[in-house]
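Notes for the one structure printed next.
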Protein chains: 4
Amino acid sequence: MIKAAVLGTTGYTGLLLVRLLSSHPEISEILPASSSSAGEKLTSLDPGIGNIIEEKLCFSKGRLFTIPEVLKQKPDVVFAALPHLESAGLCSPFFGKAVVIDLSADFRLKDREVFKLAYGTAPPREDLLPSAVYGLSEWYREEIKENDLIANPGCYPTAALLPLLPLLDSGIILGDVIINAISGISGAGRKAKLGYHFCERTENVSAYAPGKTHRHSWEIEAELRKCSSNAAVLFTPHLAPLKRGIAVTTAAELKHASGSDEIEAAYRDVYGKSPFISLKVESIPQTGDVWGSNRCDIGWHIDKNKLLLFSVIDNLMKGASGQAVQNMNIRFGLDESSGLSCHGAV
Amino acid sequence: MIKAAVLGTTGYTGLLLVRLLSSHPEISEILPASSSSAGEKLTSLDPGIGNIIEEKLCFSKGRLFTIPEVLKQKPDVVFAALPHLESAGLCSPFFGKAVVIDLSADFRLKDREVFKLAYGTAPPREDLLPSAVYGLSEWYREEIKENDLIANPGCYPTAALLPLLPLLDSGIILGDVIINAISGISGAGRKAKLGYHFCERTENVSAYAPGKTHRHSWEIEAELRKCSSNAAVLFTPHLAPLKRGIAVTTAAELKHASGSDEIEAAYRDVYGKSPFISLKVESIPQTGDVWGSNRCDIGWHIDKNKLLLFSVIDNLMKGASGQAVQNMNIRFGLDESSGLSCHGAV
Amino acid sequence: MIKAAVLGTTGYTGLLLVRLLSSHPEISEILPASSSSAGEKLTSLDPGIGNIIEEKLCFSKGRLFTIPEVLKQKPDVVFAALPHLESAGLCSPFFGKAVVIDLSADFRLKDREVFKLAYGTAPPREDLLPSAVYGLSEWYREEIKENDLIANPGCYPTAALLPLLPLLDSGIILGDVIINAISGISGAGRKAKLGYHFCERTENVSAYAPGKTHRHSWEIEAELRKCSSNAAVLFTPHLAPLKRGIAVTTAAELKHASGSDEIEAAYRDVYGKSPFISLKVESIPQTGDVWGSNRCDIGWHIDKNKLLLFSVIDNLMKGASGQAVQNMNIRFGLDESSGLSCHGAV
Amino acid sequence: MIKAAVLGTTGYTGLLLVRLLSSHPEISEILPASSSSAGEKLTSLDPGIGNIIEEKLCFSKGRLFTIPEVLKQKPDVVFAALPHLESAGLCSPFFGKAVVIDLSADFRLKDREVFKLAYGTAPPREDLLPSAVYGLSEWYREEIKENDLIANPGCYPTAALLPLLPLLDSGIILGDVIINAISGISGAGRKAKLGYHFCERTENVSAYAPGKTHRHSWEIEAELRKCSSNAAVLFTPHLAPLKRGIAVTTAAELKHASGSDEIEAAYRDVYGKSPFISLKVESIPQTGDVWGSNRCDIGWHIDKNKLLLFSVIDNLMKGASGQAVQNMNIRFGLDESSGLSCHGAV
């Protein structure tokens, strides 16, 4: 049985981690921490959570910990759902003592210069970059098994890379990729900001942070580079009025006249045994179908020498907390889908 | 281990039942049936469901059954998610052979004349009315344990009765009750109808079917009568632009000057050990908090000699499929919360 | 032609006032003011407004004024869309120089003690209370014509009072009234607050501030008193996930067995020539039907000796800015519906 | 003064046309027709419309006409809001007698073969194709002035072409264009279909009909061809959970290193006097800003040799009924913005 800590409990990813861990069959205890709300009762702060949670919060009597308190409890795994640039520092006391799964960007980019371009400053714990594994579960499963510092991927990169990597790797596509993504509002975090007011977002769709002005653009490009691809990435995220869900549409060039069968085969080859990848051979995936699940549904459309890739995830699940739990499962040798739903909500 | 059939798989309650049963630890096999879509693959028809479901659909190879095919498989429990007035007849072959949990209204009203007033015709299987138990889990737990025909309550009655019954029973309130309810659109069912078009319901709220023109008004009143109350019920349902959730606000008269403590005590007395009832002593419940959970959250407000009761449920969970599974758990002697979430979605 | 100032331009009611005035045929010039954003360009601050607005903002060159700057321009009418308790003071320089239409609550309650119960402090300009008229257009039309200080009603009171007053006045109903209201989120104002985050409000409905804890409860009761009614008001507002719209359902007792005809006649008698009251004799009004219009649609349902009243408005239009313009029209002797839409949006 | 007929009144574009025409200062009379609902009262069928409409429906006493009845009334202009392939035939009696503004696709594509590829059959009135003008107001203003058959553009083509044409025309961009569009649900029409049920679309985003499988792809390409461009168009529309609004993001290649100034100049050159084009030089347009207005807001972002174009419209306004009225204004020599809002709703 595993003792799991959550740092940064009060954001959307933290709140979801607590829910996932509380119904995970291999978790004996949850240690929820929050710098802003330590000492408060979790059920007061989050009325959506059932009282039953307190059984798994026995040491804290249902109250949020400080990080030093968590440290004393010696967790086996630490999920850090903390802001970029702060996370690496706050996780530091746990390195070497627990498996750390960091949902921030602090360990995602290996290249110091790229990190600076994306985040405006040097990586906070540059020394640890070499030892961190990029936690795209289906792609780095073997490395994740053996690593104690897992950089959980961004939501957009997860949705964009899963359909792209097998086709780049097998040489089916080449050249530049144009990635358009549409995200629900929870991706922006749980912050009191006028721009996220219900009345400002309902009946409203727009692009934002296009091209290299969005940090995830750098993260996507960095992973393509590892795949020996020189592809330039032109990435445009959009916000739409839903809570959870990311739909990515990627346009790429086919190297030669590939048929749908060849594409399907490339995916089956890589993802055949992945419980959370679902191929939509004759239909187009919808975010509604993966709402609440840890799945990534993938579809495609061939238009002469161009290929359109469609991928959808729940940004809080496969795009954040769900993939973090999946990575824990992999790292601790559990069933990869333990505690995670394959079904989207009705 | 239990073999469970679902009749009427393709509606919202049927689709949710399949999901709940597929992750229920005591269900060995699911037999999904549909008159309109028999033979079709469940995963084609419902792309939200993961391929993993097929493990629990082994006999059907992932395809939907006809009712006769289900019968041959000898299910232990049958969930009927079928239209009112049709359900009783379609369930008939299973009576005496399986526990039947009927989500329709066909067995909810014991009084022939009341049934006719509410549904415009006599009850379809009047002969069985005496043997059916009204499946309001927290209130009829003992009867449910011993009964093979369970009439699962309507969504509005569930949300309205849970806060009302303990206070009527303990004599804290008296006289007439004014019940206002707001429901998400899924309560109207999965039907192609212009009135449920996204554009007709978004940015739109309205009352509908006020007073005795809504069938649930009769159902609520019938249960109050069992509680020796002569209270007249004035019920007004409203539709609001959300998918899942019911919020009920009930105004009643206090018999004498009761304080909040007395009300809380009455609830703790009845619901103290009920895993799905959560009291909000100092706050007002919100439907968002119970989205996806089987909980009913209850709050109240005293205004001189008047009492306001607030209750929220997820209409598809505690208001339909979740309570149906809860009733199965009770009937089969399982942990009452087995396979059901206490937590609302983030 | 009329020169109109708007104080507090950057809230939802201020932004809507600017739009309504800019297409109003009798407005020659708009003077938009804002304490927080004076000097900024209106079109930068509010990208929804078209550049064409600048024609009517000639003196300000499209920029927001301070209040002293507005004063120098000598407006004929001042719309104050300012916070309660601040509004009266900020409007003071204009009294005696312009017609002031105050959208705050500062002049709505005539009774000092009632004001204190509702707002926790004495009315800020108690001296002016006797001279202010309550701007419920259809009910105080004659007084509005002759008054230079108009207290524009609250959104809930407008929607609740319009169906109630004619029936109380004609003696059709008596006794206590139970008022349930459902409002869109814009009623909460344009504030950066976590509780109004898209993700906190979508798929979420709840009651809030029940009974006398909502200030509008006092405002409704005060107007019923003027109608010689002793009716106790039990008011419960709810928030639902839409931007604009209020639906009110009121339960009252019929004095004697009144038919639908009698009720309709009472309404026609009072509202027969009111362009913005629409009676729904055989249907139930929906907020979607009045979205963007200045209408109040009214319907009813008789249940034995009880009467249910249904009324819907757009909270930003008839519930705030629209009624304010209607009051200006009345005060300046214009066509009452000038510059205001009778049609809801598609 | 102009007498205007609307054929196909009961769809979203028809209902909106009636509203726009009823407040248009140059329209003396509206003749609303419907094949399915002739004889019914417009206000019963569309409770959102105010009773005041009946003043402009004097001949019909508020009831819907048949097409032969409309013909007898000799309208000056006919708006056909009818299904593709049916529209041309139903409009036929009016050719030569009235200006016809056809909102269907029947006259949009000049090339017989392209029409067949897009619509699966030959154009219904091939004989009239040469005389029809493509009603993209800002681009074909002079032709529209002199033509009696105006093919009102599709919603996606309007939003995609307005930012593209000036840059193609001035040689700033070249080569293929990748067009991603996100639309509100009203674009799918007012049909009772399960796929448009509120519960199927809320919290759901997906691509649909990618590439040449969407008819608008052909329409966009046909207009680019007129601009002497050989650009291949790769078009992917998406549905998002909002009622009204289209956001288009187009990726194109810059011919040479153009700066933002050069792009802005190209737009100002073409659209400088167009009341409904608004350039967002330092921000990204949002559909919420143009909700209810006839505007198209345009922004852009340069990423090395790639250019991203952002355009937003209200699909029912500039994408359909609003542009149709704009075209009427142009054709009849009225102020181009008469009866049309430049402001988006709050």
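Here, A, B, ... name the chains of the structure tokens in the order displayed, residue numbers run from 1 inside each chain, and ligands are numbered from 1 in the same displayed order.
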Please report, as CSV, each residue of chain C lying at most 7 Å from chain A, together with the nearest pair of atoms and the separation in Å rounded to one decimal; use only C-alpha atoms, and order rows by chain and ascending residue number.
residue,atom,partner,partner_atom,distance
C:Ile185,CA,A:Cys199,CA,6.7
C:Ser186,CA,A:Cys199,CA,6.2
C:Lys191,CA,A:Leu194,CA,6.1
C:Ala192,CA,A:Leu194,CA,4.2
C:Lys193,CA,A:Ala192,CA,4.6
C:Leu194,CA,A:Ala192,CA,4.2
C:Tyr196,CA,A:His197,CA,5.4
C:His197,CA,A:His197,CA,4.5
C:Phe198,CA,A:Phe198,CA,3.9
C:Cys199,CA,A:Lys243,CA,5.4
C:Arg201,CA,A:Phe198,CA,6.8
C:Lys243,CA,A:Cys199,CA,5.4
Would you put the residues from that selection into a file with C-alpha atoms, as a short mmCIF file (atom, residue, chain, number, x, y, z; two decimals), in the first residue's frame?
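The new file out01.cif reads:
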data_model
loop_
_atom_site.label_atom_id
_atom_site.label_comp_id
_atom_site.auth_asym_id
_atom_site.auth_seq_id
_atom_site.Cartn_x
_atom_site.Cartn_y
_atom_site.Cartn_z
CA ILE C 185 -24.63 35.22 -13.21
CA SER C 186 -24.41 38.77 -14.57
CA LYS C 191 -16.05 41.19 -10.43
CA ALA C 192 -13.01 38.96 -10.36
CA LYS C 193 -14.17 36.45 -7.76
CA LEU C 194 -13.51 32.72 -7.61
CA TYR C 196 -18.03 33.46 -10.42
CA HIS C 197 -15.30 31.56 -12.30
CA PHE C 198 -16.76 29.75 -15.29
CA CYS C 199 -15.76 26.37 -13.83
CA ARG C 201 -20.74 28.09 -12.02
CA LYS C 243 -25.44 35.03 -18.28
#
From the DSSP assignment of the backbone, select every residue of range 242-339 of chain D that is strand (DSSP E or B), and format the answer as JSON, numbers by chain.
{"D": [246, 247, 248, 249, 250, 251, 252, 253, 254, 277, 278, 279, 280, 286, 296, 297, 298, 299, 300, 301, 302, 303, 306, 307, 308, 309, 310, 311, 312, 313]}
Do you know which residues are at most 6 Å from Thr287 in chain B counting only C-alpha atoms, after dropping those on the same chain fewer than 6 positions away, and could you put them as a short mmCIF file (atom, residue, chain, number, x, y, z; two decimals) with N, CA, C and O atoms, in the first residue's frame?
data_model
loop_
_atom_site.label_atom_id
_atom_site.label_comp_id
_atom_site.auth_asym_id
_atom_site.auth_seq_id
_atom_site.Cartn_x
_atom_site.Cartn_y
_atom_site.Cartn_z
N GLY B 245 -28.16 17.64 -12.54
CA GLY B 245 -28.30 18.32 -11.25
C GLY B 245 -29.75 18.70 -11.00
O GLY B 245 -30.45 19.14 -11.92
N VAL B 312 -29.95 18.99 -2.86
CA VAL B 312 -29.40 18.84 -4.22
C VAL B 312 -29.00 17.40 -4.45
O VAL B 312 -28.50 16.72 -3.55
N ASN C 204 -23.86 23.95 -12.36
CA ASN C 204 -24.03 24.21 -10.94
C ASN C 204 -25.24 25.12 -10.73
O ASN C 204 -25.38 26.14 -11.40
N VAL C 205 -26.10 24.72 -9.84
CA VAL C 205 -27.26 25.54 -9.46
C VAL C 205 -27.33 25.53 -7.95
O VAL C 205 -27.11 24.50 -7.32
#
So which one's closest to Ala251 in chain C, B:Asp335, B:Glu69, B:Glu40, B:Asp176? Using only C-alpha atoms, please.
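The shortest atom-to-atom distance to Ala251 in chain C comes from B:Asp176.
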Pick out each residue of range 205-337 of chain A that DSSP on the backbone tags as alpha helix (DSSP H); I need them as a ChimeraX atom specification.
/A:215-226,260-271,287-290,322-331
Contacts of Gly171 in chain C at 10 Å or less, counting only C-alpha atoms, minus same-chain residues fewer than 5 places along, as a PDB file with N, CA, C and O atoms, in the first residue's frame?
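Printed below is result_14.pdb as written:
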ATOM      1  N   LEU C 165     -48.197  43.080  -7.953  1.00  0.00           N
ATOM      2  CA  LEU C 165     -48.898  44.302  -7.551  1.00  0.00           C
ATOM      3  C   LEU C 165     -50.336  44.394  -8.075  1.00  0.00           C
ATOM      4  O   LEU C 165     -51.247  44.705  -7.302  1.00  0.00           O
ATOM      5  N   PRO C 166     -50.597  44.108  -9.354  1.00  0.00           N
ATOM      6  CA  PRO C 166     -51.987  44.242  -9.806  1.00  0.00           C
ATOM      7  C   PRO C 166     -52.941  43.294  -9.078  1.00  0.00           C
ATOM      8  O   PRO C 166     -54.094  43.644  -8.840  1.00  0.00           O
ATOM      9  N   SER C 229     -50.558  46.058   1.664  1.00  0.00           N
ATOM     10  CA  SER C 229     -50.539  44.639   1.932  1.00  0.00           C
ATOM     11  C   SER C 229     -49.647  44.364   3.132  1.00  0.00           C
ATOM     12  O   SER C 229     -48.570  44.935   3.275  1.00  0.00           O
ATOM     13  N   LEU C 254     -55.238  32.574  -3.195  1.00  0.00           N
ATOM     14  CA  LEU C 254     -56.359  33.293  -3.803  1.00  0.00           C
ATOM     15  C   LEU C 254     -57.360  33.664  -2.715  1.00  0.00           C
ATOM     16  O   LEU C 254     -57.704  32.834  -1.874  1.00  0.00           O
ATOM     17  N   LYS C 255     -57.874  34.877  -2.767  1.00  0.00           N
ATOM     18  CA  LYS C 255     -58.838  35.343  -1.762  1.00  0.00           C
ATOM     19  C   LYS C 255     -60.151  34.572  -1.900  1.00  0.00           C
ATOM     20  O   LYS C 255     -60.750  34.148  -0.942  1.00  0.00           O
ATOM     21  N   HIS C 256     -60.578  34.406  -3.136  1.00  0.00           N
ATOM     22  CA  HIS C 256     -61.761  33.592  -3.398  1.00  0.00           C
ATOM     23  C   HIS C 256     -61.500  32.876  -4.725  1.00  0.00           C
ATOM     24  O   HIS C 256     -60.483  33.104  -5.365  1.00  0.00           O
ATOM     25  N   ALA C 266     -57.395  41.593 -14.615  1.00  0.00           N
ATOM     26  CA  ALA C 266     -56.695  42.489 -13.688  1.00  0.00           C
ATOM     27  C   ALA C 266     -55.388  42.981 -14.321  1.00  0.00           C
ATOM     28  O   ALA C 266     -55.019  44.160 -14.195  1.00  0.00           O
TER      29      ALA C 266
END
Find the residue from B:Cys342, B:Ile302, B:Ala132, B:Leu15 that sits nearest to Ser258 in chain B; use only C-alpha atoms when measuring.
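Among B:Cys342, B:Ile302, B:Ala132, B:Leu15, it is B:Ile302 that comes nearest to Ser258 in chain B.
Our summary of the geometry notes that CA of Ile49 in chain C is positioned 10.0 Å from CA of Arg295 in chain D.
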